[in-house]
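A short worksheet on the structure shown next.
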Amino acid sequence: MTSDDGVELLHSVSAHVHSRDILVIAGPSGAGKSTLLRLGNRLDVPSAGQVFLAGTDIATLDPLWLRRRVGMVFQKPSIFPGTVRDNLLVAAPDADEIRMTSVLVRVGLVATFLDRIGDDLSGGEMQRVCIARALLTDPEVLLMDEPTSALDPGSRRGIEFLARELADEGLGILWVTHDLAQARRLADRTLVLVDGRLATDSVARAYLDDAADSGETEQ
């Protein structure tokens with residue numbers, strides 16, 4: 001994967017996300033973590049190589065259909081103007097009250113949130129609404145790009161707990177983080193990216209151990 005100006009962003013990276021699995025992609029800033037995530041639902045298009053969903057090259061799939069099967073939650077909660085109801089209807093215009101309430105409950109909110117104004121929510125509540133919006137399309141995989149980095153510790157742990165619940169219910173989750181304490185809490189499997197390449201097992205272990213010894217990003 002190269003940028004428009006020819007800079008190599010990823011090289012020979014291969015990863016698999018399974019149902020009931022949280023795969024954490026860790027590594028230093030600029031390692032290519034977010035680029036890898038964005039390839040998963042064609043926000044970026046690979047200059048070489050392929051990305052598959054259930055054995056099908058996603059380049060052959062309609063992007064809108066793909067993004068319903070592969071949801072994405074960003075670092076900063078992206079709340080649209082209006083109520084929580086309005087935000088959910090962006091993802092599923094035909095969703096009824098029961099379906100919207102059900103997905104709110106699934107992410108730890110209550111039915112009365114439907115009529116709350118999005119801008120009035122806390123950061124943690126906004127991120128839960130974003131996750132609910134992604135879940136309304138019944139995705140097979142959820143891509144999460146440092147979704148707790150802007151949250152306070154209590155909200156951060158709440159989103160982590162929610163991710164674990166969703167994975168246990170059958171969702172596959174690809175979670176990008178630079179927070180190695182979080183990676184240790186969350187991951188079923190961890191891959192380390194360094195300079196756009198997957199670190200070898202020995203380099204990855206050394207990176208994770210060094211960060212643990214230094215207390216890096218403990219929350």
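Here, A, B, ... name the chains of the structure tokens in the order displayed, residue numbers run from 1 inside each chain, and ligands are numbered from 1 in the same displayed order.
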Shell around Leu66 in chain A at 10 Å using only C-alpha atoms, local window under 3 positions removed, as a list in words: Gly40, Asn41, Arg42, Leu53, Ile58, Ala59, Thr60, Leu61, Asp62, Pro63, Arg69, Val70, Gly71 and Pro139 of chain A
DSSP-assigned helix (DSSP H, G or I) members of range 2-213 of chain A, reported as a PyMOL selection string: chain A and resi 33-39+58-60+63-69+84-91+97-106+111-115+118-120+123-135+153-168+180-186+201-213
Residues of range 114-151 of chain A in strand (DSSP E or B), written as number ranges by chain: A: 117, 141-145
Okay, now the selection with N, CA, C and O atoms, as a short mmCIF file (atom, residue, chain, number, x, y, z; two decimals), in the first residue's frame?
data_model
loop_
_atom_site.label_atom_id
_atom_site.label_comp_id
_atom_site.auth_asym_id
_atom_site.auth_seq_id
_atom_site.Cartn_x
_atom_site.Cartn_y
_atom_site.Cartn_z
N ILE A 117 -30.59 15.36 22.47
CA ILE A 117 -29.83 16.03 21.43
C ILE A 117 -28.39 15.53 21.46
O ILE A 117 -27.76 15.48 22.52
N VAL A 141 -18.39 -7.44 11.04
CA VAL A 141 -17.12 -6.99 11.59
C VAL A 141 -17.26 -5.52 11.99
O VAL A 141 -17.94 -4.75 11.31
N LEU A 142 -16.62 -5.16 13.09
CA LEU A 142 -16.61 -3.77 13.52
C LEU A 142 -15.16 -3.31 13.60
O LEU A 142 -14.32 -3.93 14.26
N LEU A 143 -14.85 -2.24 12.85
CA LEU A 143 -13.52 -1.64 12.85
C LEU A 143 -13.52 -0.46 13.81
O LEU A 143 -14.35 0.44 13.69
N MET A 144 -12.57 -0.44 14.76
CA MET A 144 -12.58 0.59 15.80
C MET A 144 -11.20 1.25 15.83
O MET A 144 -10.20 0.63 16.19
N ASP A 145 -11.18 2.52 15.43
CA ASP A 145 -9.91 3.26 15.29
C ASP A 145 -9.67 4.12 16.52
O ASP A 145 -10.14 5.25 16.61
#
Surrounding residues of range 74-81 of chain A excluding itself and chain neighbours under 3 positions, 9 Å, only C-alpha atoms, as number ranges by chain: A: 84, 86-87, 90, 117-119, 123-124, 126-130, 143-150
Based on the selection just made, write N, CA, C and O atoms of those residues as a PDB file, in the first residue's frame.
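Generated output (again-v8.pdb):
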ATOM      1  N   VAL A  84     -30.585  11.716  19.004  1.00  0.00           N
ATOM      2  CA  VAL A  84     -30.017  10.371  18.865  1.00  0.00           C
ATOM      3  C   VAL A  84     -30.839   9.572  17.863  1.00  0.00           C
ATOM      4  O   VAL A  84     -30.299   8.835  17.038  1.00  0.00           O
ATOM      5  N   ASP A  86     -32.384  10.733  15.266  1.00  0.00           N
ATOM      6  CA  ASP A  86     -31.970  11.186  13.933  1.00  0.00           C
ATOM      7  C   ASP A  86     -30.659  10.513  13.513  1.00  0.00           C
ATOM      8  O   ASP A  86     -30.490  10.131  12.358  1.00  0.00           O
ATOM      9  N   ASN A  87     -29.750  10.391  14.469  1.00  0.00           N
ATOM     10  CA  ASN A  87     -28.458   9.764  14.173  1.00  0.00           C
ATOM     11  C   ASN A  87     -28.622   8.297  13.804  1.00  0.00           C
ATOM     12  O   ASN A  87     -27.976   7.808  12.878  1.00  0.00           O
ATOM     13  N   VAL A  90     -29.961   7.687  10.278  1.00  0.00           N
ATOM     14  CA  VAL A  90     -28.993   7.835   9.197  1.00  0.00           C
ATOM     15  C   VAL A  90     -28.512   6.466   8.730  1.00  0.00           C
ATOM     16  O   VAL A  90     -28.353   6.210   7.530  1.00  0.00           O
ATOM     17  N   ILE A 117     -30.590  15.355  22.474  1.00  0.00           N
ATOM     18  CA  ILE A 117     -29.832  16.032  21.429  1.00  0.00           C
ATOM     19  C   ILE A 117     -28.389  15.528  21.462  1.00  0.00           C
ATOM     20  O   ILE A 117     -27.764  15.476  22.524  1.00  0.00           O
ATOM     21  N   GLY A 118     -27.877  15.164  20.305  1.00  0.00           N
ATOM     22  CA  GLY A 118     -26.548  14.576  20.250  1.00  0.00           C
ATOM     23  C   GLY A 118     -25.470  15.438  20.875  1.00  0.00           C
ATOM     24  O   GLY A 118     -24.588  14.933  21.579  1.00  0.00           O
ATOM     25  N   ASP A 119     -25.527  16.736  20.637  1.00  0.00           N
ATOM     26  CA  ASP A 119     -24.486  17.635  21.148  1.00  0.00           C
ATOM     27  C   ASP A 119     -24.505  17.762  22.670  1.00  0.00           C
ATOM     28  O   ASP A 119     -23.550  18.274  23.258  1.00  0.00           O
ATOM     29  N   GLY A 123     -18.866  12.551  26.133  1.00  0.00           N
ATOM     30  CA  GLY A 123     -18.042  11.875  25.130  1.00  0.00           C
ATOM     31  C   GLY A 123     -18.293  10.385  25.084  1.00  0.00           C
ATOM     32  O   GLY A 123     -18.394   9.787  24.008  1.00  0.00           O
ATOM     33  N   GLY A 124     -18.411   9.760  26.253  1.00  0.00           N
ATOM     34  CA  GLY A 124     -18.674   8.331  26.294  1.00  0.00           C
ATOM     35  C   GLY A 124     -20.029   7.976  25.725  1.00  0.00           C
ATOM     36  O   GLY A 124     -20.183   6.963  25.025  1.00  0.00           O
ATOM     37  N   MET A 126     -21.679   9.749  23.472  1.00  0.00           N
ATOM     38  CA  MET A 126     -21.591   9.935  22.013  1.00  0.00           C
ATOM     39  C   MET A 126     -20.980   8.717  21.337  1.00  0.00           C
ATOM     40  O   MET A 126     -21.465   8.251  20.305  1.00  0.00           O
ATOM     41  N   GLN A 127     -19.903   8.176  21.935  1.00  0.00           N
ATOM     42  CA  GLN A 127     -19.250   7.026  21.321  1.00  0.00           C
ATOM     43  C   GLN A 127     -20.161   5.802  21.346  1.00  0.00           C
ATOM     44  O   GLN A 127     -20.189   5.024  20.388  1.00  0.00           O
ATOM     45  N   ARG A 128     -20.948   5.644  22.400  1.00  0.00           N
ATOM     46  CA  ARG A 128     -21.904   4.538  22.450  1.00  0.00           C
ATOM     47  C   ARG A 128     -22.972   4.697  21.368  1.00  0.00           C
ATOM     48  O   ARG A 128     -23.407   3.712  20.757  1.00  0.00           O
ATOM     49  N   VAL A 129     -23.407   5.934  21.132  1.00  0.00           N
ATOM     50  CA  VAL A 129     -24.381   6.174  20.062  1.00  0.00           C
ATOM     51  C   VAL A 129     -23.767   5.830  18.706  1.00  0.00           C
ATOM     52  O   VAL A 129     -24.421   5.231  17.845  1.00  0.00           O
ATOM     53  N   CYS A 130     -22.501   6.187  18.514  1.00  0.00           N
ATOM     54  CA  CYS A 130     -21.828   5.844  17.252  1.00  0.00           C
ATOM     55  C   CYS A 130     -21.744   4.334  17.066  1.00  0.00           C
ATOM     56  O   CYS A 130     -21.927   3.817  15.952  1.00  0.00           O
ATOM     57  N   LEU A 143     -14.849  -2.236  12.855  1.00  0.00           N
ATOM     58  CA  LEU A 143     -13.519  -1.635  12.847  1.00  0.00           C
ATOM     59  C   LEU A 143     -13.522  -0.462  13.814  1.00  0.00           C
ATOM     60  O   LEU A 143     -14.350   0.440  13.694  1.00  0.00           O
ATOM     61  N   MET A 144     -12.572  -0.441  14.759  1.00  0.00           N
ATOM     62  CA  MET A 144     -12.580   0.592  15.799  1.00  0.00           C
ATOM     63  C   MET A 144     -11.200   1.255  15.831  1.00  0.00           C
ATOM     64  O   MET A 144     -10.195   0.633  16.188  1.00  0.00           O
ATOM     65  N   ASP A 145     -11.176   2.518  15.426  1.00  0.00           N
ATOM     66  CA  ASP A 145      -9.913   3.259  15.285  1.00  0.00           C
ATOM     67  C   ASP A 145      -9.668   4.123  16.518  1.00  0.00           C
ATOM     68  O   ASP A 145     -10.145   5.247  16.609  1.00  0.00           O
ATOM     69  N   GLU A 146      -8.933   3.576  17.492  1.00  0.00           N
ATOM     70  CA  GLU A 146      -8.640   4.268  18.747  1.00  0.00           C
ATOM     71  C   GLU A 146      -9.904   4.917  19.326  1.00  0.00           C
ATOM     72  O   GLU A 146      -9.930   6.120  19.625  1.00  0.00           O
ATOM     73  N   PRO A 147     -10.980   4.131  19.509  1.00  0.00           N
ATOM     74  CA  PRO A 147     -12.278   4.718  19.842  1.00  0.00           C
ATOM     75  C   PRO A 147     -12.375   5.289  21.248  1.00  0.00           C
ATOM     76  O   PRO A 147     -13.368   5.958  21.562  1.00  0.00           O
ATOM     77  N   THR A 148     -11.378   5.043  22.103  1.00  0.00           N
ATOM     78  CA  THR A 148     -11.464   5.550  23.477  1.00  0.00           C
ATOM     79  C   THR A 148     -10.407   6.589  23.806  1.00  0.00           C
ATOM     80  O   THR A 148     -10.327   7.053  24.934  1.00  0.00           O
ATOM     81  N   SER A 149      -9.592   6.969  22.826  1.00  0.00           N
ATOM     82  CA  SER A 149      -8.443   7.827  23.136  1.00  0.00           C
ATOM     83  C   SER A 149      -8.854   9.223  23.614  1.00  0.00           C
ATOM     84  O   SER A 149      -8.091   9.879  24.322  1.00  0.00           O
ATOM     85  N   ALA A 150     -10.063   9.670  23.253  1.00  0.00           N
ATOM     86  CA  ALA A 150     -10.508  11.003  23.668  1.00  0.00           C
ATOM     87  C   ALA A 150     -11.427  10.954  24.889  1.00  0.00           C
ATOM     88  O   ALA A 150     -12.008  11.974  25.264  1.00  0.00           O
TER      89      ALA A 150
END
Do a neighbour search on Val194 in chain A at 12 Å with only C-alpha atoms, toss out local chain neighbours closer than 5 positions, and write the hits as a PDB file with N, CA and C atoms, in the first residue's frame.
ATOM      1  N   LEU A   9       3.153   2.838   2.697  1.00  0.00           N
ATOM      2  CA  LEU A   9       2.473   2.911   3.986  1.00  0.00           C
ATOM      3  C   LEU A   9       2.375   1.551   4.669  1.00  0.00           C
ATOM      4  N   LEU A  10       2.143   0.515   3.878  1.00  0.00           N
ATOM      5  CA  LEU A  10       2.062  -0.857   4.392  1.00  0.00           C
ATOM      6  C   LEU A  10       2.795  -1.780   3.430  1.00  0.00           C
ATOM      7  N   HIS A  11       3.431  -2.804   3.979  1.00  0.00           N
ATOM      8  CA  HIS A  11       4.156  -3.742   3.124  1.00  0.00           C
ATOM      9  C   HIS A  11       3.981  -5.159   3.669  1.00  0.00           C
ATOM     10  N   VAL A  13       1.508  -6.978   4.706  1.00  0.00           N
ATOM     11  CA  VAL A  13       0.734  -7.137   5.948  1.00  0.00           C
ATOM     12  C   VAL A  13      -0.443  -8.063   5.687  1.00  0.00           C
ATOM     13  N   ILE A  25      -4.578  -4.165  16.807  1.00  0.00           N
ATOM     14  CA  ILE A  25      -3.406  -3.731  16.044  1.00  0.00           C
ATOM     15  C   ILE A  25      -2.729  -2.624  16.849  1.00  0.00           C
ATOM     16  N   ALA A  26      -1.530  -2.904  17.323  1.00  0.00           N
ATOM     17  CA  ALA A  26      -0.792  -1.953  18.144  1.00  0.00           C
ATOM     18  C   ALA A  26       0.462  -1.509  17.408  1.00  0.00           C
ATOM     19  N   GLY A  27       1.095  -0.485  17.955  1.00  0.00           N
ATOM     20  CA  GLY A  27       2.321   0.010  17.352  1.00  0.00           C
ATOM     21  C   GLY A  27       2.442   1.503  17.536  1.00  0.00           C
ATOM     22  N   PRO A  28       3.613   2.048  17.269  1.00  0.00           N
ATOM     23  CA  PRO A  28       3.841   3.486  17.450  1.00  0.00           C
ATOM     24  C   PRO A  28       3.063   4.317  16.435  1.00  0.00           C
ATOM     25  N   SER A  29       2.972   5.601  16.702  1.00  0.00           N
ATOM     26  CA  SER A  29       2.314   6.514  15.770  1.00  0.00           C
ATOM     27  C   SER A  29       3.015   6.473  14.420  1.00  0.00           C
ATOM     28  N   GLY A  30       2.220   6.508  13.348  1.00  0.00           N
ATOM     29  CA  GLY A  30       2.777   6.492  12.009  1.00  0.00           C
ATOM     30  C   GLY A  30       3.145   5.116  11.504  1.00  0.00           C
ATOM     31  N   ALA A  31       2.771   4.069  12.255  1.00  0.00           N
ATOM     32  CA  ALA A  31       3.149   2.708  11.859  1.00  0.00           C
ATOM     33  C   ALA A  31       2.264   2.146  10.753  1.00  0.00           C
ATOM     34  N   GLY A  32       1.110   2.788  10.484  1.00  0.00           N
ATOM     35  CA  GLY A  32       0.205   2.297   9.454  1.00  0.00           C
ATOM     36  C   GLY A  32      -1.054   1.650   9.996  1.00  0.00           C
ATOM     37  N   LYS A  33      -1.292   1.795  11.302  1.00  0.00           N
ATOM     38  CA  LYS A  33      -2.434   1.126  11.940  1.00  0.00           C
ATOM     39  C   LYS A  33      -3.769   1.599  11.359  1.00  0.00           C
ATOM     40  N   HIS A 178      -2.752   2.707  20.290  1.00  0.00           N
ATOM     41  CA  HIS A 178      -1.346   2.876  20.655  1.00  0.00           C
ATOM     42  C   HIS A 178      -1.178   2.617  22.146  1.00  0.00           C
ATOM     43  N   ALA A 199       5.572  -6.678  12.777  1.00  0.00           N
ATOM     44  CA  ALA A 199       6.776  -7.030  13.523  1.00  0.00           C
ATOM     45  C   ALA A 199       6.864  -8.543  13.670  1.00  0.00           C
ATOM     46  N   THR A 200       8.075  -9.047  13.662  1.00  0.00           N
ATOM     47  CA  THR A 200       8.275 -10.463  13.944  1.00  0.00           C
ATOM     48  C   THR A 200       7.862 -10.746  15.387  1.00  0.00           C
ATOM     49  N   VAL A 203      10.321  -9.235  17.898  1.00  0.00           N
ATOM     50  CA  VAL A 203      10.262  -7.774  17.959  1.00  0.00           C
ATOM     51  C   VAL A 203       8.966  -7.317  18.632  1.00  0.00           C
ATOM     52  N   ALA A 204       7.869  -7.994  18.305  1.00  0.00           N
ATOM     53  CA  ALA A 204       6.589  -7.639  18.905  1.00  0.00           C
ATOM     54  C   ALA A 204       6.624  -7.860  20.416  1.00  0.00           C
ATOM     55  N   TYR A 207       8.711  -5.172  22.005  1.00  0.00           N
ATOM     56  CA  TYR A 207       7.998  -3.894  22.010  1.00  0.00           C
ATOM     57  C   TYR A 207       6.964  -3.860  23.125  1.00  0.00           C
TER      58      TYR A 207
END
Would you mind listing what lies within 10 Å of range 98-109 of chain A as an mmCIF file with N, CA and C atoms, in the first residue's frame, with only C-alpha atoms counted and same-chain residues fewer than 2 positions away left out?
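Writing done, so here's around.cif:
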data_model
loop_
_atom_site.group_PDB
_atom_site.id
_atom_site.type_symbol
_atom_site.label_atom_id
_atom_site.label_comp_id
_atom_site.auth_asym_id
_atom_site.auth_seq_id
_atom_site.Cartn_x
_atom_site.Cartn_y
_atom_site.Cartn_z
ATOM 1 N N VAL A 84 -30.585 11.716 19.004
ATOM 2 C CA VAL A 84 -30.017 10.371 18.865
ATOM 3 C C VAL A 84 -30.839 9.572 17.863
ATOM 4 N N ARG A 85 -32.154 9.741 17.901
ATOM 5 C CA ARG A 85 -33.026 9.076 16.924
ATOM 6 C C ARG A 85 -32.609 9.441 15.499
ATOM 7 N N LEU A 88 -29.481 7.587 14.513
ATOM 8 C CA LEU A 88 -29.684 6.172 14.215
ATOM 9 C C LEU A 88 -30.360 5.984 12.867
ATOM 10 N N LEU A 89 -31.276 6.880 12.534
ATOM 11 C CA LEU A 89 -31.994 6.763 11.263
ATOM 12 C C LEU A 89 -31.084 7.017 10.063
ATOM 13 N N ALA A 92 -30.112 3.462 9.408
ATOM 14 C CA ALA A 92 -31.221 2.565 9.058
ATOM 15 C C ALA A 92 -32.510 3.372 8.994
ATOM 16 N N ASP A 94 -35.362 2.909 7.912
ATOM 17 C CA ASP A 94 -36.624 2.213 8.157
ATOM 18 C C ASP A 94 -36.714 1.624 9.558
ATOM 19 N N ALA A 95 -35.738 1.924 10.410
ATOM 20 C CA ALA A 95 -35.739 1.348 11.761
ATOM 21 C C ALA A 95 -36.913 1.879 12.575
ATOM 22 N N ASP A 96 -37.613 0.982 13.260
ATOM 23 C CA ASP A 96 -38.720 1.410 14.104
ATOM 24 C C ASP A 96 -38.242 1.619 15.538
ATOM 25 N N ALA A 111 -33.951 3.860 26.514
ATOM 26 C CA ALA A 111 -34.831 4.330 25.446
ATOM 27 C C ALA A 111 -34.967 5.849 25.417
ATOM 28 N N THR A 112 -34.913 6.496 26.591
ATOM 29 C CA THR A 112 -35.102 7.951 26.630
ATOM 30 C C THR A 112 -34.002 8.697 25.889
ATOM 31 N N PHE A 113 -32.880 8.025 25.611
ATOM 32 C CA PHE A 113 -31.813 8.674 24.852
ATOM 33 C C PHE A 113 -32.235 8.980 23.420
ATOM 34 N N LEU A 114 -33.258 8.316 22.908
ATOM 35 C CA LEU A 114 -33.684 8.558 21.530
ATOM 36 C C LEU A 114 -33.996 10.026 21.277
ATOM 37 N N GLU A 125 -21.043 8.801 26.018
ATOM 38 C CA GLU A 125 -22.382 8.568 25.479
ATOM 39 C C GLU A 125 -22.390 8.730 23.962
ATOM 40 N N GLN A 127 -19.903 8.176 21.935
ATOM 41 C CA GLN A 127 -19.250 7.026 21.321
ATOM 42 C C GLN A 127 -20.161 5.802 21.346
ATOM 43 N N ARG A 128 -20.948 5.644 22.400
ATOM 44 C CA ARG A 128 -21.904 4.538 22.450
ATOM 45 C C ARG A 128 -22.972 4.697 21.368
ATOM 46 N N VAL A 129 -23.407 5.934 21.132
ATOM 47 C CA VAL A 129 -24.381 6.174 20.062
ATOM 48 C C VAL A 129 -23.767 5.830 18.706
ATOM 49 N N CYS A 130 -22.501 6.187 18.514
ATOM 50 C CA CYS A 130 -21.828 5.844 17.252
ATOM 51 C C CYS A 130 -21.744 4.334 17.066
ATOM 52 N N ILE A 131 -21.471 3.618 18.143
ATOM 53 C CA ILE A 131 -21.438 2.157 18.061
ATOM 54 C C ILE A 131 -22.835 1.615 17.777
ATOM 55 N N ALA A 132 -23.847 2.170 18.438
ATOM 56 C CA ALA A 132 -25.223 1.742 18.186
ATOM 57 C C ALA A 132 -25.598 1.967 16.726
ATOM 58 N N ARG A 133 -25.209 3.098 16.191
ATOM 59 C CA ARG A 133 -25.503 3.416 14.792
ATOM 60 C C ARG A 133 -24.855 2.385 13.871
ATOM 61 N N ALA A 134 -23.616 2.004 14.173
ATOM 62 C CA ALA A 134 -22.948 0.987 13.364
ATOM 63 C C ALA A 134 -23.628 -0.368 13.499
ATOM 64 N N LEU A 135 -24.103 -0.695 14.696
ATOM 65 C CA LEU A 135 -24.718 -1.998 14.927
ATOM 66 C C LEU A 135 -26.090 -2.137 14.276
ATOM 67 N N LEU A 136 -26.732 -1.024 13.981
ATOM 68 C CA LEU A 136 -28.073 -1.074 13.371
ATOM 69 C C LEU A 136 -28.072 -1.766 12.013
ATOM 70 N N GLY A 158 -15.688 1.531 30.025
ATOM 71 C CA GLY A 158 -17.032 1.147 29.623
ATOM 72 C C GLY A 158 -17.100 0.695 28.174
ATOM 73 N N ILE A 159 -16.410 1.409 27.290
ATOM 74 C CA ILE A 159 -16.387 1.026 25.878
ATOM 75 C C ILE A 159 -15.620 -0.281 25.689
ATOM 76 N N PHE A 161 -15.451 -2.722 27.861
ATOM 77 C CA PHE A 161 -16.349 -3.780 28.337
ATOM 78 C C PHE A 161 -17.418 -4.078 27.294
ATOM 79 N N LEU A 162 -17.942 -3.025 26.672
ATOM 80 C CA LEU A 162 -18.943 -3.199 25.617
ATOM 81 C C LEU A 162 -18.359 -3.980 24.442
ATOM 82 N N ALA A 163 -17.135 -3.652 24.040
ATOM 83 C CA ALA A 163 -16.500 -4.365 22.931
ATOM 84 C C ALA A 163 -16.364 -5.850 23.255
ATOM 85 N N GLU A 165 -18.280 -7.595 25.254
ATOM 86 C CA GLU A 165 -19.621 -8.177 25.172
ATOM 87 C C GLU A 165 -20.021 -8.436 23.722
ATOM 88 N N LEU A 166 -19.761 -7.472 22.848
ATOM 89 C CA LEU A 166 -20.141 -7.618 21.444
ATOM 90 C C LEU A 166 -19.383 -8.772 20.794
#
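Note that the spacing between CA of Arg67 in chain A and CA of Leu121 in chain A amounts to 25.5 Å.
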Nearest residue to Arg20 in chain A from the set A:Leu186, A:Leu64, A:Asp168, A:Met72 (distances using only C-alpha atoms): A:Asp168
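Taking CA of Gly154 in chain A as the reference point, CA of Gln182 in chain A is found at 13.0 Å.
Across the model, the gap from CA of Arg189 in chain A to CA of Asp21 in chain A is 7.9 Å.
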